[in-house]
Structures are given as structure tokens and as C-alpha cells.
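Enquirer: Structure file model-v4.csv (CSV, C-alpha atoms and all ligand atoms) is given on the next line.
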chain,number,residue,atom,x,y,z
A,1175,MET,CA,101.2,108.5,204.5
A,1176,ASP,CA,98.7,106.9,202.1
A,1177,THR,CA,95.7,107.5,204.4
A,1178,THR,CA,92.2,108.8,203.6
A,1179,PRO,CA,92.9,112.4,204.8
A,1180,PHE,CA,96.1,112.4,202.8
A,1181,PHE,CA,94.2,111.4,199.6
A,1182,ILE,CA,91.4,113.9,200.2
A,1183,LEU,CA,94.0,116.7,200.6
A,1184,LEU,CA,95.9,115.4,197.6
A,1185,PHE,CA,92.6,115.7,195.6
A,1186,PHE,CA,92.3,119.4,196.5
A,1187,HIS,CA,96.0,119.9,195.9
A,1188,LEU,CA,95.5,118.6,192.3
A,1189,ALA,CA,92.3,120.6,191.9
A,1190,SER,CA,94.2,123.8,192.8
A,1191,LEU,CA,96.9,122.7,190.4
A,1192,ILE,CA,94.4,122.5,187.5
A,1193,LEU,CA,93.0,125.9,188.4
A,1194,GLY,CA,96.3,127.7,188.9
A,1195,PHE,CA,98.5,126.1,186.3
A,1196,GLY,CA,95.6,125.8,183.8
A,1197,SER,CA,95.2,129.5,184.0
A,1198,VAL,CA,98.9,130.1,183.5
A,1199,LEU,CA,98.8,128.0,180.4
A,1200,VAL,CA,95.7,129.8,179.0
A,1201,THR,CA,97.4,133.2,179.5
A,1202,ASP,CA,100.6,132.0,177.8
A,1203,LEU,CA,98.6,130.5,174.9
A,1204,TYR,CA,96.9,133.8,174.3
A,1205,GLY,CA,100.4,135.5,174.5
A,1206,MET,CA,101.7,133.2,171.8
A,1207,LEU,CA,98.6,133.7,169.7
A,1208,TRP,CA,99.1,137.5,170.0
A,1209,ILE,CA,102.7,137.2,168.9
A,1210,ARG,CA,101.6,135.1,165.9
A,1211,ASP,CA,98.9,137.7,165.1
A,1212,ARG,CA,96.0,135.3,165.7
A,1213,VAL,CA,94.3,137.4,168.5
A,1214,ARG,CA,93.9,141.1,169.1
A,1215,PHE,CA,95.9,142.8,171.8
A,1216,ARG,CA,92.7,143.8,173.7
A,1217,GLU,CA,91.7,140.1,173.8
A,1218,LEU,CA,95.0,139.2,175.3
A,1219,VAL,CA,94.7,142.0,177.9
A,1220,ASN,CA,91.1,141.0,178.8
A,1221,VAL,CA,91.9,137.3,179.1
A,1222,SER,CA,95.0,137.8,181.3
A,1223,GLY,CA,93.0,140.2,183.5
A,1224,VAL,CA,90.7,137.3,184.4
A,1225,THR,CA,93.2,134.4,184.4
A,1226,GLY,CA,95.6,136.4,186.6
A,1227,LYS,CA,93.1,136.1,189.5
A,1228,PHE,CA,92.7,132.4,189.0
A,1229,VAL,CA,96.4,131.9,189.1
A,1230,TRP,CA,96.5,133.5,192.6
A,1231,VAL,CA,93.6,131.4,193.8
A,1232,GLY,CA,95.2,128.2,192.5
A,1233,TRP,CA,98.6,129.0,194.0
A,1234,ALA,CA,97.1,129.8,197.4
A,1235,GLY,CA,95.1,126.5,197.2
A,1236,MET,CA,98.4,124.6,196.5
A,1237,VAL,CA,100.0,126.2,199.6
A,1238,VAL,CA,96.9,125.7,201.9
A,1239,THR,CA,96.5,122.0,200.9
A,1240,GLY,CA,100.3,121.4,200.7
A,1241,ILE,CA,101.0,122.4,204.4
A,1242,PRO,CA,98.7,119.6,205.9
A,1243,LEU,CA,100.0,117.2,203.3
A,1244,ILE,CA,103.6,117.7,204.4
A,1245,LEU,CA,102.6,117.5,208.0
A,1246,LEU,CA,101.0,114.1,207.3
A,1247,LYS,CA,104.0,113.0,205.4
A,1248,GLY,CA,106.2,114.1,208.3
A,1249,GLU,CA,109.4,114.4,206.3
A,1250,VAL,CA,111.1,117.3,204.5
A,1251,ASP,CA,113.9,116.0,202.3
A,1252,ASP,CA,116.4,117.9,200.2
A,1253,LEU,CA,114.3,117.9,197.0
A,1254,MET,CA,111.3,119.3,199.0
A,1255,ILE,CA,113.4,122.3,200.0
A,1256,LEU,CA,113.8,123.0,196.3
A,1257,LYS,CA,110.1,122.7,195.9
A,1258,PHE,CA,109.5,125.2,198.7
A,1259,VAL,CA,111.9,127.6,197.0
A,1260,ALA,CA,110.1,127.1,193.6
A,1261,VAL,CA,106.7,127.8,195.3
A,1262,GLY,CA,108.1,130.9,197.0
A,1263,LEU,CA,109.5,132.1,193.7
A,1264,ILE,CA,106.1,131.8,192.0
A,1265,GLY,CA,104.6,133.8,194.8
A,1266,ILE,CA,107.2,136.6,194.8
A,1267,ASN,CA,107.4,136.8,191.0
A,1268,GLY,CA,103.6,137.1,191.0
A,1269,ILE,CA,103.9,140.6,192.4
A,1270,PRO,CA,106.0,142.2,189.5
A,1271,LEU,CA,104.1,140.0,187.0
A,1272,HIS,CA,100.8,141.4,188.3
A,1273,MET,CA,102.1,145.0,188.1
A,1274,LEU,CA,103.4,144.4,184.6
A,1275,GLN,CA,100.1,143.0,183.5
A,1276,ARG,CA,98.3,146.1,184.9
A,1277,ARG,CA,100.7,148.4,183.0
A,1278,LEU,CA,100.0,146.3,179.9
A,1279,GLN,CA,96.3,147.2,180.2
A,1280,ALA,CA,97.2,150.9,179.8
A,1281,PHE,CA,98.7,150.4,176.4
A,1282,GLN,CA,96.5,150.9,173.4
A,1283,THR,CA,96.5,148.9,170.1
A,1284,GLY,CA,99.4,150.3,167.9
A,1285,ASP,CA,101.3,151.8,170.9
A,1286,GLU,CA,105.0,151.2,170.8
A,1287,VAL,CA,105.7,149.0,173.9
A,1288,PRO,CA,109.2,149.9,175.4
A,1289,LYS,CA,111.8,147.1,175.0
A,1290,VAL,CA,112.7,147.2,178.7
A,1291,PHE,CA,109.0,146.5,179.4
A,1292,MET,CA,109.0,143.5,177.1
A,1293,PHE,CA,112.3,142.3,178.7
A,1294,ARG,CA,110.8,142.5,182.2
A,1295,LEU,CA,107.6,140.7,181.1
A,1296,GLY,CA,109.6,138.0,179.3
A,1297,LEU,CA,111.8,137.4,182.3
A,1298,SER,CA,108.9,137.3,184.7
A,1299,LEU,CA,107.0,134.8,182.5
A,1300,PHE,CA,110.1,132.7,182.4
A,1301,VAL,CA,110.5,132.7,186.2
A,1302,SER,CA,106.8,131.8,186.5
A,1303,GLN,CA,107.2,128.8,184.1
A,1304,LEU,CA,110.5,127.7,185.9
A,1305,GLY,CA,108.7,127.8,189.3
A,1306,TRP,CA,105.6,125.9,188.2
A,1307,TRP,CA,107.3,123.2,186.2
A,1308,SER,CA,109.9,122.6,189.0
A,1309,ALA,CA,107.2,122.3,191.7
A,1310,ILE,CA,105.1,119.9,189.4
A,1311,LEU,CA,108.1,117.8,188.5
A,1312,ILE,CA,109.2,117.5,192.2
A,1313,GLY,CA,105.6,116.7,193.3
A,1314,PHE,CA,105.5,114.0,190.6
A,1315,LEU,CA,108.9,112.5,191.6
A,1316,HIS,CA,107.9,112.3,195.3
A,1317,ARG,CA,104.6,110.7,194.6
A,1318,HIS,CA,105.5,108.3,191.8
A,1319,VAL,CA,109.3,107.6,192.0
A,1320,ALA,CA,110.4,107.8,195.6
A,1321,GLU,CA,108.8,109.3,198.8
A,1322,ILE,CA,112.2,110.5,200.1
A,1323,ILE,CA,114.7,112.0,197.8
A,1324,GLU,CA,117.8,113.4,199.5
A,1325,TRP,CA,119.1,115.3,196.5
A,1326,PRO,CA,120.7,117.8,195.7
A,1327,PRO,CA,123.3,117.6,198.6
A,1328,ARG,CA,123.1,121.4,199.3
A,1329,PRO,CA,119.6,122.5,198.3
A,1330,TRP,CA,119.9,126.0,199.9
A,1331,LEU,CA,123.1,126.6,198.0
A,1332,VAL,CA,121.6,125.4,194.8
A,1333,SER,CA,118.6,127.7,195.3
A,1334,ALA,CA,120.8,130.6,196.2
A,1335,LEU,CA,122.8,130.1,193.0
A,1336,VAL,CA,119.7,129.9,190.8
A,1337,LEU,CA,118.3,133.1,192.4
A,1338,LEU,CA,121.6,134.9,191.9
A,1339,ALA,CA,121.7,133.8,188.2
A,1340,LEU,CA,118.1,135.1,187.7
A,1341,LEU,CA,119.1,138.4,189.5
A,1342,ALA,CA,122.2,138.7,187.3
A,1343,VAL,CA,120.1,138.2,184.1
A,1344,TRP,CA,117.7,140.8,185.3
A,1345,GLY,CA,120.5,143.3,186.1
A,1346,VAL,CA,122.2,142.8,182.7
A,1347,GLY,CA,118.9,143.1,180.9
A,1348,GLU,CA,117.9,146.3,182.6
A,1349,ALA,CA,121.4,147.8,181.8
A,1350,ILE,CA,121.2,146.8,178.1
A,1351,PHE,CA,117.6,147.7,177.4
A,1352,LYS,CA,117.5,151.0,179.4
A,1353,THR,CA,120.7,152.3,177.7
A,1354,ARG,CA,119.2,151.4,174.3
A,1355,GLU,CA,116.1,153.4,175.0
A,1356,GLU,CA,117.9,156.6,176.2
A,1357,PRO,CA,117.8,159.3,173.4
B,1,LIG,C1,102.8,125.8,193.0
B,1,LIG,C2,102.8,125.0,194.0
B,1,LIG,C3,102.8,123.5,194.0
B,1,LIG,C4,102.7,122.6,192.9
B,1,LIG,C5,102.6,123.0,191.4
B,1,LIG,C6,102.7,121.3,193.4
B,1,LIG,C7,102.6,120.1,192.7
B,1,LIG,C8,102.4,118.8,193.2
B,1,LIG,C9,102.2,117.6,192.4
B,1,LIG,C10,102.1,117.6,190.8
B,1,LIG,C11,102.1,116.6,193.2
B,1,LIG,C12,101.9,115.1,192.8
B,1,LIG,C13,100.4,114.7,193.0
B,1,LIG,C14,100.2,113.3,192.4
B,1,LIG,O1,100.8,112.9,191.5
B,1,LIG,O2,99.3,112.7,193.0
B,1,LIG,C15,102.2,117.1,194.6
B,1,LIG,C16,102.2,116.4,195.7
B,1,LIG,C17,102.6,116.9,197.0
B,1,LIG,N1,102.8,118.2,197.3
B,1,LIG,FE1,102.7,119.7,196.1
B,1,LIG,N2,102.7,121.3,194.8
B,1,LIG,C18,102.8,122.7,195.2
B,1,LIG,C19,102.9,123.2,196.5
B,1,LIG,C20,103.1,122.4,197.6
B,1,LIG,C21,103.4,122.9,198.9
B,1,LIG,C22,103.5,124.4,199.2
B,1,LIG,C23,103.6,121.8,199.7
B,1,LIG,C24,103.9,121.8,201.2
B,1,LIG,C25,104.0,122.8,202.0
B,1,LIG,C26,103.4,120.6,198.9
B,1,LIG,C27,103.4,119.3,199.4
B,1,LIG,C28,103.1,118.2,198.7
B,1,LIG,C29,103.1,116.9,199.2
B,1,LIG,C30,103.4,116.5,200.6
B,1,LIG,C31,102.8,116.0,198.1
B,1,LIG,C32,102.7,114.5,198.2
B,1,LIG,C33,103.9,113.9,197.5
B,1,LIG,C34,105.1,114.0,198.4
B,1,LIG,O3,105.7,115.0,198.4
B,1,LIG,O4,105.4,113.0,199.1
B,1,LIG,N3,103.1,121.0,197.6
B,1,LIG,N4,102.4,118.5,194.5
What does this structure look like when you write it as C-alpha cells?

Expert:
Amino acid sequence: MDTTPFFILLFFHLASLILGFGSVLVTDLYGMLWIRDRVRFRELVNVSGVTGKFVWVGWAGMVVTGIPLILLKGEVDDLMILKFVAVGLIGINGIPLHMLQRRLQAFQTGDEVPKVFMFRLGLSLFVSQLGWWSAILIGFLHRHVAEIIEWPPRPWLVSALVLLALLAVWGVGEAIFKTREEP
């Protein structure tokens, strides 16, 4: 596994990580600064408009370099299945997140942002963090703790339960916030 091609790919894997996850962190930092009234709403919108594109490029780079890496490794253990689910979750969640971010651009300073919109944005940002941190942690464990980790025993079941829990939170949130906004 530890061959020159593997290390070259790993270098580009980590370069994509810096670009993708770095952009996620910059966006979140601006979000936090906006909540604490340290930057203007327009600044947040402008920054997230740029960083959003870099997140996609970084994520695509992770997948493009990850595939040959896993082929060279030649083994998919239980924990790697969780990583695939985390990576897929980041990608799927990126679509509503992108749409929410575009809707955010339409709001003007001082506009009242609907609660249901804030709920969707918050949930989508949480899913993004969950996916990125899970994939990073699993990558780290595989590289620095053990190459093969046959845990958890039923990775597909665990993934399905996590996805169901997220869908349940989404459903409950929609029901609560939509009813509150009805006149
Ligand atoms: C958002 C997506 C991803 C993130 C954040 C991520 C993160 C990481 C990290 C942090 C490492 C450890 C690097 C080091 O410490 O040197 C790593 C290694 C690795 N990644 Fe990824 N990765 C992602 C996607 C993928 C994909 C899609 C694949 C396969 C299709 C993959 C396959 C690998 C392999 C084979 C390694 C070497 C360690 C090992 O698993 O044995 N990664 N990744």
C-alpha cells in the first residue's frame, strides 16, 4: 500500500481536503461572525457565493483521488463503508445547501428571514459538518491507527439508522416551523 503512486495520490487527496474543508470552515466562520454582528449580511452572502464553488471542487477532488487510493489499498472494510456514506451524504446535502444559499442571496439587509428557512439552513449545515468530520476522522484512523478496521458490525444498518434519524429531524422541524408561520 505505501508505494510512491499511493503517496502521490494521498498528497492530492489532502490538497483537495484543504481546499474543500478549508472553504467549509471559512463559510461557517463568516456565518458565526454574522450571528455575532461582526460582519454585514452582504459580506456573508458574497463570501459564501465564492467558497461554495471551492467546496464542490474540493469534494470532487477527494472522490477523484480517493477511488485510485482505494483500488491501490485493495480492501474495503466496515469503517470504509461508513466513510463512503459520509462522502455521499456531503454530496447529496450539497444540492439543498446550494439552493438555500442561492435563496439567501435574494434576501436584503433587514428582511425578516422565515424561521423554516433558518431551520433548513441549520440542518443542512449540521449534515455538512457531520459528513466532513466523519470522513476526516475515518481517513485519519485508517492511516494512523489501523489499515483495516472491521467496525461497526453492520455498517449499512448503522448508516440507514443515521439517515432515518436525520430525515425524522427534518420532518419534525418542517412540521413545527411551517405551522408556526401560518397566519
Ligand atoms: C469528503 C471526502 C473525504 C475526506 C474528507 C477524506 C479524508 C481523508 C483523510 C483525512 C485521510 C488521511 C490522510 C493522511 O492522514 O495521510 C484519507 C485517506 C484515505 N482516503 Fe479519504 N477522504 C474523503 C474521500 C475519500 C473517498 C471517496 C475515498 C475512496 C473512494 C477515500 C479513500 C481514502 C484512502 C484509501 C485513504 C488512505 C487511508 C486508508 O483508508 O487506508 N477517501 N482520507

Enquirer: Find the nearest atom pair between each residue of chain A and ligand LIG 1 (chain B) for residues within 6 Å, count only C-alpha atoms and all ligand atoms, give distances in Å to one decimal, sort rows by chain and ascending number, and present the table as JSON lines.

Expert:
{"residue": "A:Leu1191", "atom": "CA", "partner": "B:LIG1", "partner_atom": "C5", "distance": 5.8}
{"residue": "A:Trp1233", "atom": "CA", "partner": "B:LIG1", "partner_atom": "C1", "distance": 5.4}
{"residue": "A:Met1236", "atom": "CA", "partner": "B:LIG1", "partner_atom": "C19", "distance": 4.7}
{"residue": "A:Val1237", "atom": "CA", "partner": "B:LIG1", "partner_atom": "C22", "distance": 4.0}
{"residue": "A:Gly1240", "atom": "CA", "partner": "B:LIG1", "partner_atom": "C23", "distance": 3.5}
{"residue": "A:Ile1241", "atom": "CA", "partner": "B:LIG1", "partner_atom": "C25", "distance": 3.9}
{"residue": "A:Leu1243", "atom": "CA", "partner": "B:LIG1", "partner_atom": "C30", "distance": 4.4}
{"residue": "A:Ile1244", "atom": "CA", "partner": "B:LIG1", "partner_atom": "C30", "distance": 4.0}
{"residue": "A:Lys1247", "atom": "CA", "partner": "B:LIG1", "partner_atom": "C30", "distance": 6.0}
{"residue": "A:Val1261", "atom": "CA", "partner": "B:LIG1", "partner_atom": "C1", "distance": 4.9}
{"residue": "A:Trp1306", "atom": "CA", "partner": "B:LIG1", "partner_atom": "C5", "distance": 5.3}
{"residue": "A:Ala1309", "atom": "CA", "partner": "B:LIG1", "partner_atom": "C5", "distance": 4.7}
{"residue": "A:Ile1310", "atom": "CA", "partner": "B:LIG1", "partner_atom": "C10", "distance": 4.0}
{"residue": "A:Gly1313", "atom": "CA", "partner": "B:LIG1", "partner_atom": "C11", "distance": 3.5}
{"residue": "A:Phe1314", "atom": "CA", "partner": "B:LIG1", "partner_atom": "C12", "distance": 4.4}
{"residue": "A:His1316", "atom": "CA", "partner": "B:LIG1", "partner_atom": "C34", "distance": 4.5}
{"residue": "A:Arg1317", "atom": "CA", "partner": "B:LIG1", "partner_atom": "C33", "distance": 4.4}
{"residue": "A:Glu1321", "atom": "CA", "partner": "B:LIG1", "partner_atom": "O4", "distance": 5.0}

Enquirer: How many Å separate CA of Gly1248 (chain A) from CA of Val1332 (chain A)?

Expert: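 We find that CA of Gly1248 (chain A) and CA of Val1332 (chain A) lie 23.4 Å from each other.
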
Enquirer: Provide the CA of Gln1303 (chain A) to CA of Gly1262 (chain A) distance in Å, to one decimal place.

Expert: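 Going from CA of Gln1303 (chain A) over to CA of Gly1262 (chain A), I get 13.1 Å.
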
Enquirer: Which residue out of A:Ser1308, A:Leu1253, A:Ser1302, A:Gly1265 has the minimum interatomic distance to Ala1320 (chain A) when only C-alpha atoms are used?

Expert: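 Among the listed residues, the smallest separation from Ala1320 (chain A) belongs to A:Leu1253.
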
Enquirer: What is the CA of Leu1184 (chain A) to CA of Met1254 (chain A) distance in Å?

Expert: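 Between CA of Leu1184 (chain A) and CA of Met1254 (chain A) the gap works out to 15.9 Å.
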
Enquirer: From the list A:Ala1260, A:Met1292, A:Leu1335, A:Leu1341, which residue is nearest Ile1312 (chain A) when using only C-alpha atoms?

Expert: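 Closest residue, counting only C-alpha atoms: A:Ala1260.
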
Enquirer: With distances taken over only C-alpha atoms, which of A:Leu1193, A:Gln1282, A:Pro1242, A:Ser1298 is nearest to Glu1217 (chain A)?

Expert: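 Looking at the shortest contact to Glu1217 (chain A), the residue is A:Gln1282.
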
Enquirer: At a cut-off of 10 Å, using all atoms listed in the file, what residues contact region 1221-1231 of chain A? Leave out same-chain residues fewer than 5 positions from it and give the result as a list in words.

Expert: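 My reading of the contact set: Ser1190, Leu1191, Ile1192, Leu1193, Gly1194, Phe1195, Gly1196, Ser1197, Val1198, Leu1199, Val1200, Thr1201, Asp1202, Tyr1204, Gly1205, Phe1215, Arg1216, Met1236, Ile1264, Gly1265, Gly1268, Leu1271, His1272, Gln1275, Arg1276, Leu1278 and Gln1279 of chain A.
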
Enquirer: When you count all atoms listed in the file, which of these residues is closest to Val1336 (chain A): A:Leu1218, A:Glu1324, A:Thr1353, A:Leu1256?

Expert: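 Using all atoms listed in the file, Val1336 (chain A) sits closest to A:Leu1256.
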
Enquirer: Could you check which of A:Ile1255, A:Leu1207, A:Leu1274, A:Ile1350 is closest to Trp1330 (chain A), using only C-alpha atoms?

Expert: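 That would be A:Ile1255, the residue with the smallest distance to Trp1330 (chain A).
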
Enquirer: Hey, which of A:Pro1179, A:Gly1296, A:Pro1326, A:Gly1347 ends up closest to Leu1245 (chain A)? Count only C-alpha atoms.

Expert: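 Checking each of A:Pro1179, A:Gly1296, A:Pro1326, A:Gly1347 against Leu1245 (chain A), counting only C-alpha atoms, the winner is A:Pro1179.
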
Enquirer: Env of Asp1252 (chain A): 8 Å cut, atoms = only C-alpha atoms, seq-sep filter 5 positions within chain, self excluded. Answer as a PDB file with C-alpha atoms, in the frame of the given file.

Expert:
ATOM      1  CA  ILE A1323     114.700 112.000 197.800  1.00  0.00           C
ATOM      2  CA  GLU A1324     117.800 113.400 199.500  1.00  0.00           C
ATOM      3  CA  TRP A1325     119.100 115.300 196.500  1.00  0.00           C
ATOM      4  CA  PRO A1326     120.700 117.800 195.700  1.00  0.00           C
ATOM      5  CA  PRO A1327     123.300 117.600 198.600  1.00  0.00           C
ATOM      6  CA  ARG A1328     123.100 121.400 199.300  1.00  0.00           C
ATOM      7  CA  PRO A1329     119.600 122.500 198.300  1.00  0.00           C
TER       8      PRO A1329
END

Enquirer: My structure is short of atoms at region 1331-1350 of chain A; please model N, CA and C atoms there, returning them as a JSON list (two decimals), in the coordinates of the input.

Expert:
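Generated output (part.json):
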[["chain", "number", "residue", "atom", "x", "y", "z"],
["A", 1331, "LEU", "N", 122.07, 126.04, 198.88],
["A", 1331, "LEU", "CA", 123.10, 126.60, 198.00],
["A", 1331, "LEU", "C", 122.66, 126.64, 196.57],
["A", 1332, "VAL", "N", 122.10, 125.50, 196.14],
["A", 1332, "VAL", "CA", 121.60, 125.40, 194.80],
["A", 1332, "VAL", "C", 120.55, 126.50, 194.52],
["A", 1333, "SER", "N", 119.62, 126.65, 195.48],
["A", 1333, "SER", "CA", 118.60, 127.70, 195.30],
["A", 1333, "SER", "C", 119.17, 129.06, 195.26],
["A", 1334, "ALA", "N", 120.16, 129.31, 196.15],
["A", 1334, "ALA", "CA", 120.80, 130.60, 196.20],
["A", 1334, "ALA", "C", 121.47, 130.92, 194.82],
["A", 1335, "LEU", "N", 122.12, 129.91, 194.25],
["A", 1335, "LEU", "CA", 122.80, 130.10, 193.00],
["A", 1335, "LEU", "C", 121.81, 130.38, 191.83],
["A", 1336, "VAL", "N", 120.70, 129.65, 191.85],
["A", 1336, "VAL", "CA", 119.70, 129.90, 190.80],
["A", 1336, "VAL", "C", 119.12, 131.30, 190.94],
["A", 1337, "LEU", "N", 118.83, 131.71, 192.20],
["A", 1337, "LEU", "CA", 118.30, 133.10, 192.40],
["A", 1337, "LEU", "C", 119.28, 134.13, 191.98],
["A", 1338, "LEU", "N", 120.58, 133.89, 192.30],
["A", 1338, "LEU", "CA", 121.60, 134.90, 191.90],
["A", 1338, "LEU", "C", 121.70, 134.96, 190.38],
["A", 1339, "ALA", "N", 121.61, 133.79, 189.71],
["A", 1339, "ALA", "CA", 121.70, 133.80, 188.20],
["A", 1339, "ALA", "C", 120.51, 134.58, 187.65],
["A", 1340, "LEU", "N", 119.32, 134.40, 188.23],
["A", 1340, "LEU", "CA", 118.10, 135.10, 187.70],
["A", 1340, "LEU", "C", 118.31, 136.64, 187.97],
["A", 1341, "LEU", "N", 118.84, 136.99, 189.16],
["A", 1341, "LEU", "CA", 119.10, 138.40, 189.50],
["A", 1341, "LEU", "C", 120.09, 139.02, 188.50],
["A", 1342, "ALA", "N", 121.12, 138.21, 188.17],
["A", 1342, "ALA", "CA", 122.20, 138.70, 187.30],
["A", 1342, "ALA", "C", 121.56, 138.95, 185.87],
["A", 1343, "VAL", "N", 120.72, 138.01, 185.39],
["A", 1343, "VAL", "CA", 120.10, 138.20, 184.10],
["A", 1343, "VAL", "C", 119.23, 139.47, 184.10],
["A", 1344, "TRP", "N", 118.50, 139.66, 185.19],
["A", 1344, "TRP", "CA", 117.70, 140.80, 185.30],
["A", 1344, "TRP", "C", 118.50, 142.12, 185.26],
["A", 1345, "GLY", "N", 119.59, 142.15, 186.05],
["A", 1345, "GLY", "CA", 120.50, 143.30, 186.10],
["A", 1345, "GLY", "C", 121.05, 143.64, 184.73],
["A", 1346, "VAL", "N", 121.57, 142.61, 184.05],
["A", 1346, "VAL", "CA", 122.20, 142.80, 182.70],
["A", 1346, "VAL", "C", 121.14, 143.31, 181.74],
["A", 1347, "GLY", "N", 119.96, 142.68, 181.77],
["A", 1347, "GLY", "CA", 118.90, 143.10, 180.90],
["A", 1347, "GLY", "C", 118.47, 144.51, 181.06],
["A", 1348, "GLU", "N", 118.33, 144.92, 182.33],
["A", 1348, "GLU", "CA", 117.90, 146.30, 182.60],
["A", 1348, "GLU", "C", 118.99, 147.26, 182.05],
["A", 1349, "ALA", "N", 120.28, 146.93, 182.28],
["A", 1349, "ALA", "CA", 121.40, 147.80, 181.80],
["A", 1349, "ALA", "C", 121.31, 147.92, 180.29],
["A", 1350, "ILE", "N", 121.16, 146.77, 179.59],
["A", 1350, "ILE", "CA", 121.20, 146.80, 178.10],
["A", 1350, "ILE", "C", 119.96, 147.56, 177.58]]
